[in-house]
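A.B. asks: Provided below: query21.cif, containing mmCIF, C-alpha atoms and all ligand atoms.
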```cif
data_work
#
loop_
_atom_site.label_atom_id
_atom_site.label_comp_id
_atom_site.auth_asym_id
_atom_site.auth_seq_id
_atom_site.Cartn_x
_atom_site.Cartn_y
_atom_site.Cartn_z
CA MET A 23 18.86 184.31 28.95
CA THR A 24 15.64 184.72 30.87
CA SER A 25 13.66 187.92 31.03
CA THR A 26 13.67 190.34 33.98
CA VAL A 27 11.66 189.19 36.98
CA SER A 28 8.83 191.69 36.78
CA ASP A 29 7.33 190.89 40.17
CA SER A 30 9.73 192.72 42.49
CA VAL A 31 7.03 192.67 45.16
CA ALA A 32 7.08 188.87 45.31
CA VAL A 33 10.87 188.66 45.22
CA ASP A 34 11.28 191.28 47.94
CA ALA A 35 8.57 189.68 50.05
CA ALA A 36 10.27 186.28 49.88
CA ILE A 37 13.57 187.83 51.02
CA SER A 38 12.08 190.19 53.61
CA SER A 39 9.72 187.66 55.18
CA ARG A 40 12.56 185.25 55.86
CA MET A 41 13.41 185.24 59.53
CA ALA A 42 14.96 182.84 61.97
CA VAL A 43 11.88 180.94 63.14
CA ARG A 44 12.40 179.21 66.47
CA ALA A 45 9.09 177.37 66.91
CA PHE A 46 7.52 175.11 64.30
CA THR A 47 4.33 173.08 64.07
CA ALA A 48 4.42 169.31 63.57
CA ARG A 49 2.81 169.68 60.11
CA PRO A 50 4.87 167.46 57.82
CA VAL A 51 6.61 168.85 54.74
CA PRO A 52 6.14 166.76 51.59
CA ARG A 53 9.40 165.30 50.26
CA GLU A 54 8.54 166.75 46.85
CA THR A 55 8.43 170.27 48.34
CA ILE A 56 11.83 169.87 50.05
CA SER A 57 13.28 168.50 46.83
CA GLU A 58 11.88 171.45 44.86
CA VAL A 59 13.35 173.95 47.34
CA LEU A 60 16.76 172.30 46.98
CA ARG A 61 16.48 172.18 43.18
CA VAL A 62 15.67 175.90 42.96
CA ALA A 63 18.38 176.75 45.50
CA SER A 64 20.94 174.82 43.49
CA ARG A 65 20.73 177.66 40.94
CA ALA A 66 22.82 179.63 43.48
CA PRO A 67 26.11 180.87 42.05
CA SER A 68 29.47 179.40 43.06
CA GLY A 69 33.02 180.11 41.96
CA THR A 70 33.63 178.37 38.59
CA ASN A 71 30.34 176.54 39.21
CA THR A 72 31.96 174.23 41.77
CA GLN A 73 28.63 173.82 43.64
CA PRO A 74 30.35 172.73 46.86
CA TRP A 75 27.13 171.98 48.75
CA LYS A 76 26.07 168.58 50.01
CA VAL A 77 22.76 168.28 51.83
CA TYR A 78 21.39 165.68 54.25
CA VAL A 79 17.64 165.76 54.89
CA LEU A 80 16.63 164.30 58.24
CA GLN A 81 13.01 163.43 58.93
CA GLY A 82 11.22 160.87 61.08
CA ALA A 83 13.40 158.32 62.88
CA SER A 84 16.75 159.67 61.62
CA ARG A 85 15.85 163.17 62.81
CA ASP A 86 14.54 161.97 66.17
CA ALA A 87 17.56 159.74 66.82
CA LEU A 88 20.00 162.62 66.16
CA VAL A 89 17.99 164.94 68.42
CA GLU A 90 18.13 162.33 71.18
CA LYS A 91 21.90 161.74 70.82
CA VAL A 92 22.83 165.43 70.79
CA CYS A 93 20.43 166.48 73.58
CA LYS A 94 21.85 163.74 75.79
CA VAL A 95 25.39 165.06 75.30
CA HIS A 96 24.22 168.65 75.70
CA ASP A 97 22.63 167.74 79.05
CA ALA A 98 25.79 165.92 80.12
CA ILE A 99 27.86 169.03 79.36
CA GLN A 100 25.48 171.14 81.42
CA ALA A 101 26.04 168.77 84.34
CA ASN A 102 29.80 168.57 83.77
CA PRO A 103 31.18 171.52 81.72
CA ALA A 104 34.62 169.84 81.48
CA LEU A 105 33.10 167.56 78.81
CA LEU A 106 32.85 170.56 76.49
CA ALA A 107 36.55 170.13 75.67
CA ASP A 108 35.64 167.01 73.65
CA TYR A 109 33.44 168.98 71.22
CA LYS A 110 35.09 171.35 68.80
CA GLU A 111 33.80 173.16 65.72
CA GLN A 112 35.60 172.29 62.49
CA TYR A 113 36.02 175.93 61.48
CA ASP A 114 35.78 179.24 63.35
CA TYR A 115 32.30 180.53 62.79
CA TYR A 116 32.82 183.43 65.18
CA PRO A 117 35.96 185.43 66.01
CA ALA A 118 38.09 184.12 68.89
CA LYS A 119 37.89 187.56 70.47
CA TRP A 120 34.79 189.72 70.05
CA PHE A 121 34.96 193.47 69.35
CA SER A 122 32.68 196.38 68.50
CA PRO A 123 30.35 196.88 66.74
CA TYR A 124 29.75 193.13 66.35
CA ILE A 125 29.81 192.28 70.04
CA ASP A 126 27.19 195.00 70.63
CA ARG A 127 24.87 193.65 67.95
CA ARG A 128 25.38 190.13 69.26
CA ARG A 129 24.47 191.22 72.80
CA GLU A 130 21.46 193.18 71.61
CA ASN A 131 20.28 190.11 69.72
CA GLY A 132 20.87 187.69 72.57
CA TRP A 133 19.30 189.79 75.30
CA GLY A 134 16.41 190.79 73.03
CA LEU A 135 15.56 187.15 72.47
CA TYR A 136 16.08 186.16 76.09
CA GLY A 137 14.06 189.18 77.27
CA LEU A 138 11.14 188.09 75.12
CA LEU A 139 11.38 184.60 76.60
CA GLY A 140 11.68 185.86 80.18
CA ILE A 141 15.24 184.59 80.58
CA GLY A 142 17.28 186.79 82.91
CA LYS A 143 21.04 187.18 83.26
CA GLY A 144 22.53 184.21 85.09
CA ASP A 145 19.46 182.03 84.57
CA ARG A 146 21.58 179.11 83.39
CA GLU A 147 18.84 176.50 83.47
CA LYS A 148 16.49 178.47 81.23
CA MET A 149 19.37 179.35 78.88
CA HIS A 150 20.23 175.68 78.63
CA VAL A 151 16.64 174.78 77.78
CA GLN A 152 16.47 177.50 75.11
CA MET A 153 19.83 176.44 73.68
CA GLN A 154 18.59 172.87 73.56
CA ARG A 155 15.64 173.97 71.43
CA ASN A 156 18.30 174.23 68.70
CA PHE A 157 19.07 170.55 69.12
CA ARG A 158 15.40 169.72 68.69
CA PHE A 159 15.33 171.68 65.43
CA PHE A 160 12.88 173.95 67.30
CA ASP A 161 10.38 171.07 66.80
CA ALA A 162 10.56 171.39 63.00
CA PRO A 163 9.80 168.07 61.27
CA VAL A 164 12.67 168.62 58.83
CA GLY A 165 16.30 168.97 59.83
CA LEU A 166 18.91 169.75 57.22
CA MET A 167 22.65 169.23 57.58
CA PHE A 168 25.04 170.87 55.16
CA THR A 169 28.59 169.68 54.54
CA VAL A 170 31.49 170.72 52.34
CA ASP A 171 34.57 168.84 51.21
CA ARG A 172 37.42 169.74 53.58
CA GLY A 173 39.75 170.05 50.61
CA MET A 174 37.89 173.09 49.32
CA GLY A 175 38.97 176.66 50.12
CA ARG A 176 37.41 179.44 52.19
CA GLY A 177 35.66 180.68 49.05
CA SER A 178 33.46 177.60 49.13
CA LEU A 179 31.97 178.86 52.38
CA LEU A 180 31.13 182.05 50.52
CA ASP A 181 29.47 179.95 47.81
CA TYR A 182 27.65 178.09 50.57
CA GLY A 183 26.17 181.34 51.86
CA THR A 184 24.56 181.99 48.50
CA PHE A 185 23.11 178.47 48.53
CA LEU A 186 21.82 178.64 52.11
CA GLN A 187 20.05 181.94 51.50
CA SER A 188 18.56 180.50 48.32
CA VAL A 189 17.22 177.53 50.29
CA MET A 190 15.66 179.88 52.84
CA VAL A 191 14.11 182.16 50.21
CA ALA A 192 12.82 179.28 48.07
CA ALA A 193 11.28 177.88 51.27
CA ARG A 194 9.41 181.17 51.79
CA GLY A 195 7.92 180.86 48.32
CA ARG A 196 6.24 177.66 49.51
CA GLY A 197 4.96 178.90 52.88
CA LEU A 198 7.84 177.30 54.74
CA HIS A 199 10.11 178.90 57.30
CA THR A 200 13.65 178.07 58.36
CA CYS A 201 16.28 178.68 61.01
CA PRO A 202 19.91 178.33 59.95
CA GLN A 203 21.86 176.79 62.83
CA GLN A 204 25.54 176.95 63.57
CA ALA A 205 24.75 175.64 67.07
CA TRP A 206 25.08 172.09 65.73
CA ASN A 207 28.66 172.62 64.55
CA MET A 208 30.27 171.74 67.87
CA PHE A 209 28.61 168.32 67.71
CA ASN A 210 30.01 167.42 64.29
CA SER A 211 31.64 164.29 65.75
CA ILE A 212 28.15 162.97 66.53
CA ILE A 213 26.39 164.33 63.45
CA LEU A 214 28.79 163.31 60.65
CA PRO A 215 28.74 159.57 61.45
CA HIS A 216 24.97 159.75 62.07
CA ILE A 217 24.29 161.10 58.58
CA GLY A 218 26.86 158.82 56.96
CA ALA A 219 29.18 161.61 55.80
CA GLY A 220 32.60 160.68 54.45
CA ASP A 221 35.91 161.49 56.17
CA ASN A 222 36.44 164.27 53.63
CA GLU A 223 33.33 166.15 54.72
CA MET A 224 33.12 169.06 57.16
CA LEU A 225 29.88 170.24 58.76
CA VAL A 226 28.99 173.75 57.57
CA CYS A 227 25.80 174.15 59.63
CA GLY A 228 22.35 172.74 60.23
CA MET A 229 18.94 174.18 59.45
CA ALA A 230 15.44 173.66 60.79
CA MET A 231 12.67 173.75 58.17
CA GLY A 232 8.91 173.55 58.50
CA TYR A 233 5.77 175.58 59.06
CA ALA A 234 6.04 178.34 61.67
CA ASP A 235 4.04 178.13 64.86
CA GLU A 236 2.27 181.45 64.45
CA ALA A 237 1.13 181.44 68.10
CA ALA A 238 4.63 181.14 69.57
CA ALA A 239 5.94 184.30 71.26
CA VAL A 240 9.50 183.52 70.14
CA ASN A 241 8.43 184.03 66.54
CA THR A 242 7.44 187.63 67.22
CA PHE A 243 11.15 188.43 67.60
CA HIS A 244 12.10 190.74 64.74
CA THR A 245 15.68 191.80 64.34
CA PRO A 246 16.81 195.29 63.30
CA ARG A 247 19.27 196.11 60.51
CA VAL A 248 21.89 198.79 60.14
CA PRO A 249 20.66 201.37 57.57
CA VAL A 250 22.15 201.23 54.05
CA GLU A 251 23.89 204.60 54.50
CA GLN A 252 25.78 203.21 57.48
CA PHE A 253 27.35 200.23 55.73
CA THR A 254 27.72 201.72 52.25
CA THR A 255 30.35 204.07 50.91
CA TRP A 256 29.32 205.81 47.69
CA LEU A 257 32.20 206.63 45.41
CA ASP A 258 31.11 208.92 42.57
C1 LIG B 1 24.84 180.68 59.26
C2 LIG B 1 23.89 181.05 60.37
C3 LIG B 1 23.88 180.33 61.55
C4 LIG B 1 22.95 180.63 62.55
N1 LIG B 1 22.91 179.83 63.67
C5 LIG B 1 21.90 179.99 64.56
C6 LIG B 1 21.74 179.07 65.62
O1 LIG B 1 22.52 178.14 65.81
N2 LIG B 1 20.68 179.23 66.45
C7 LIG B 1 19.77 180.24 66.29
O2 LIG B 1 18.83 180.31 67.07
N3 LIG B 1 19.91 181.14 65.30
C8 LIG B 1 20.93 181.03 64.42
N4 LIG B 1 21.07 181.90 63.36
C9 LIG B 1 20.04 182.95 63.17
C10 LIG B 1 20.55 184.34 63.48
O3 LIG B 1 20.58 184.57 64.86
C11 LIG B 1 19.59 185.33 62.78
O4 LIG B 1 19.68 185.12 61.39
C12 LIG B 1 19.91 186.79 63.09
O5 LIG B 1 19.74 187.07 64.44
C13 LIG B 1 19.02 187.73 62.25
O6 LIG B 1 17.66 187.47 62.51
P1 LIG B 1 16.65 187.00 61.38
O7 LIG B 1 17.23 185.79 60.71
O8 LIG B 1 15.37 186.66 62.12
O9 LIG B 1 16.48 188.11 60.40
C14 LIG B 1 22.03 181.69 62.39
C15 LIG B 1 22.10 182.46 61.21
C16 LIG B 1 23.01 182.15 60.22
C17 LIG B 1 23.02 182.97 58.95
#
```
Could you write out this structure as structure tokens?
Ligand SMILES: Cc1cc2nc3c(=O)[nH]c(=O)nc-3n(C[C@H](O)[C@H](O)[C@H](O)COP(=O)(O)O)c2cc1C
C.D. replies:
Amino acid sequence: MTSTVSDSVAVDAAISSRMAVRAFTARPVPRETISEVLRVASRAPSGTNTQPWKVYVLQGASRDALVEKVCKVHDAIQANPALLADYKEQYDYYPAKWFSPYIDRRRENGWGLYGLLGIGKGDREKMHVQMQRNFRFFDAPVGLMFTVDRGMGRGSLLDYGTFLQSVMVAARGRGLHTCPQQAWNMFNSIILPHIGAGDNEMLVCGMAMGYADEAAAVNTFHTPRVPVEQFTTWLD
């Protein structure tokens, strides 16, 4: 047993300062730091300690080559949307049919971000460019890919959530920022062979990691949250 963490200020700050950063500097992240983040995050809980996470760290040439491959396909889809049919996610991240209140929050988020970036409704070219920033890891020098064994159950995705958040919070403790990215999921057929994943592996998501570009307007985007009283039922 370890003692209580007395510094709630530091713990809360690490959690609260995490945000989806969408512009990074080129400043490299030492391998030792990435390894430490992953080691700390591996303390995340998982059902019967199954630890279903598997992480691929892409830097340098492997990162750049993946960016090039995926951006090329993304551009080809923009030119010929019929090609989209060849790229399918391996699990439903979002519902097939959206409904309130989630659709409203999604819209608020999307238009808030686009508004900040000066992207108007119907501005397909600018939307494409912004979407493609995902496939450049928002210029972060470190790209992470997370996979899970296909044989595992839905609960392993729950376990994965605890791990991903732990990665993002441990990153904050070291001055790093992150952006979790489901955008990559549709390109799993390109990504999995690129990273050398086995046939049993499914892509859970990607993540950009690095030092935030403090001057970038996109990083001033702060998202709201529903108040505790709205999502909590107190049963006394
Ligand atoms: C699993 C997961 C996948 C996400 N995928 C993307 C993505 O592909 N691209 C992106 O720009 N943001 C992505 N996000 C970031 C969310 O949009 C963001 O977390 C949300 O709007 C709340 O904002 P905040 O993280 O800044 O607090 C993802 C978040 C999660 C948890």
A.B. asks: When distances are computed from only C-alpha atoms, which of A:Ser30, A:Gln152, A:Ser68, A:Asn131 shows the smallest separation from Leu186 in chain A?
C.D. replies: A:Ser68
A.B. asks: Give me, as JSON lines, the closest atom pair and its distance (Å, one decimal) for every residue of chain A within a cut-off of 6 Å of ligand LIG 1 (chain B), counting all atoms listed in the file, rows sorted by chain and rising number.
C.D. replies:
```
{"residue": "A:Met41", "atom": "CA", "partner": "B:LIG1", "partner_atom": "O8", "distance": 3.5}
{"residue": "A:Ala42", "atom": "CA", "partner": "B:LIG1", "partner_atom": "O8", "distance": 3.8}
{"residue": "A:Asn156", "atom": "CA", "partner": "B:LIG1", "partner_atom": "N2", "distance": 6.0}
{"residue": "A:Pro202", "atom": "CA", "partner": "B:LIG1", "partner_atom": "C4", "distance": 4.6}
{"residue": "A:Gln203", "atom": "CA", "partner": "B:LIG1", "partner_atom": "N1", "distance": 3.3}
{"residue": "A:Gln204", "atom": "CA", "partner": "B:LIG1", "partner_atom": "N1", "distance": 3.9}
{"residue": "A:Ala205", "atom": "CA", "partner": "B:LIG1", "partner_atom": "O1", "distance": 3.6}
{"residue": "A:His244", "atom": "CA", "partner": "B:LIG1", "partner_atom": "O8", "distance": 5.8}
{"residue": "A:Thr245", "atom": "CA", "partner": "B:LIG1", "partner_atom": "O6", "distance": 5.1}
```
A.B. asks: Show me, as an MDAnalysis selection string, the residues that have an atom within 12 Å of range 141-149 of chain A when counting all atoms listed in the file, minus same-chain residues fewer than 4 positions from it.
C.D. replies: chainID A and resid 97 100:101 129 132:137 153:156 240
A.B. asks: Output the selection as an mmCIF file, in the coordinates of the input - C-alpha atoms for each residue.
C.D. replies:
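Wrote again_4.cif, looks like this:
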```
data_model
loop_
_atom_site.group_PDB
_atom_site.id
_atom_site.type_symbol
_atom_site.label_atom_id
_atom_site.label_comp_id
_atom_site.auth_asym_id
_atom_site.auth_seq_id
_atom_site.Cartn_x
_atom_site.Cartn_y
_atom_site.Cartn_z
ATOM 1 C CA ASP A 97 22.630 167.740 79.050
ATOM 2 C CA GLN A 100 25.480 171.140 81.420
ATOM 3 C CA ALA A 101 26.040 168.770 84.340
ATOM 4 C CA ARG A 129 24.470 191.220 72.800
ATOM 5 C CA GLY A 132 20.870 187.690 72.570
ATOM 6 C CA TRP A 133 19.300 189.790 75.300
ATOM 7 C CA GLY A 134 16.410 190.790 73.030
ATOM 8 C CA LEU A 135 15.560 187.150 72.470
ATOM 9 C CA TYR A 136 16.080 186.160 76.090
ATOM 10 C CA GLY A 137 14.060 189.180 77.270
ATOM 11 C CA MET A 153 19.830 176.440 73.680
ATOM 12 C CA GLN A 154 18.590 172.870 73.560
ATOM 13 C CA ARG A 155 15.640 173.970 71.430
ATOM 14 C CA ASN A 156 18.300 174.230 68.700
ATOM 15 C CA VAL A 240 9.500 183.520 70.140
#
```
A.B. asks: Counting only C-alpha atoms, what is within 10 Å of Thr47 in chain A, bar same-chain residues fewer than 3 positions away, as a list in words?
C.D. replies: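 The residues satisfying every condition are Pro50, Phe160, Asp161, Ala162, Pro163, Gly232, Tyr233, Ala234, Asp235, Glu236, Ala237 and Ala238 of chain A.
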A.B. asks: Between range 173-241 of chain A and range 89-94 of chain A, at 9 Å or less, what are the per-residue closest atom pairs and their distances in Å? Count only C-alpha atoms, order by chain and rising residue number, and return it as a tab-separated table.
C.D. replies:
```
residue	atom	partner	partner_atom	distance
A:Trp206	CA	A:Val92	CA	8.7
A:Phe209	CA	A:Val92	CA	7.2
A:Ile212	CA	A:Val92	CA	7.2
A:Ile213	CA	A:Val92	CA	8.2
```
A.B. asks: Using only C-alpha atoms, find the one residue out of A:Asn241, A:Thr255, A:Gln112, A:Thr70 that sits nearest to Thr200 in chain A.
C.D. replies: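 Looking only at the distances to Thr200 in chain A, the closest residue turns out to be A:Asn241.
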A.B. asks: Which residues are near Val33 in chain A? Cut-off 9 Å, all atoms listed in the file, ignore same chain within fewer than 5 positions. Put them as a PyMOL selection string.
C.D. replies: chain A and resi 27+38+191+195
A.B. asks: Within 10 Å of range 217-229 of chain A, counting all atoms listed in the file, which residues show up once you throw out same-chain ones fewer than 4 positions away? Write them as a VMD selection string, please.
C.D. replies: chain A and resid 42 75 to 80 84 to 85 88 111 to 113 115 156 to 157 159 to 160 162 164 to 174 179 182 to 183 186 189 to 190 200 to 213
A.B. asks: So what do you get for CA of Ala83 in chain A versus CA of Pro103 in chain A, distance-wise?
C.D. replies: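 CA of Pro103 in chain A lies at a distance of 29.1 Å from CA of Ala83 in chain A.
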A.B. asks: Give me, please, the distance in Å between CA of Leu105 in chain A and CA of Val151 in chain A, quoted to one decimal.
C.D. replies: 18.0 Å
A.B. asks: Have a look at CA of Ser178 in chain A and CA of Gly69 in chain A and let me know their distance in Å, one decimal.
C.D. replies: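 Interatomic distance here is 7.6 Å.
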A.B. asks: Would you pick out the contacts of Val59 in chain A at 6 Å or less, using all atoms listed in the file, so that residues sharing its chain but fewer than 3 positions from it are not included, and give the list as a count of residues only?
C.D. replies: 4
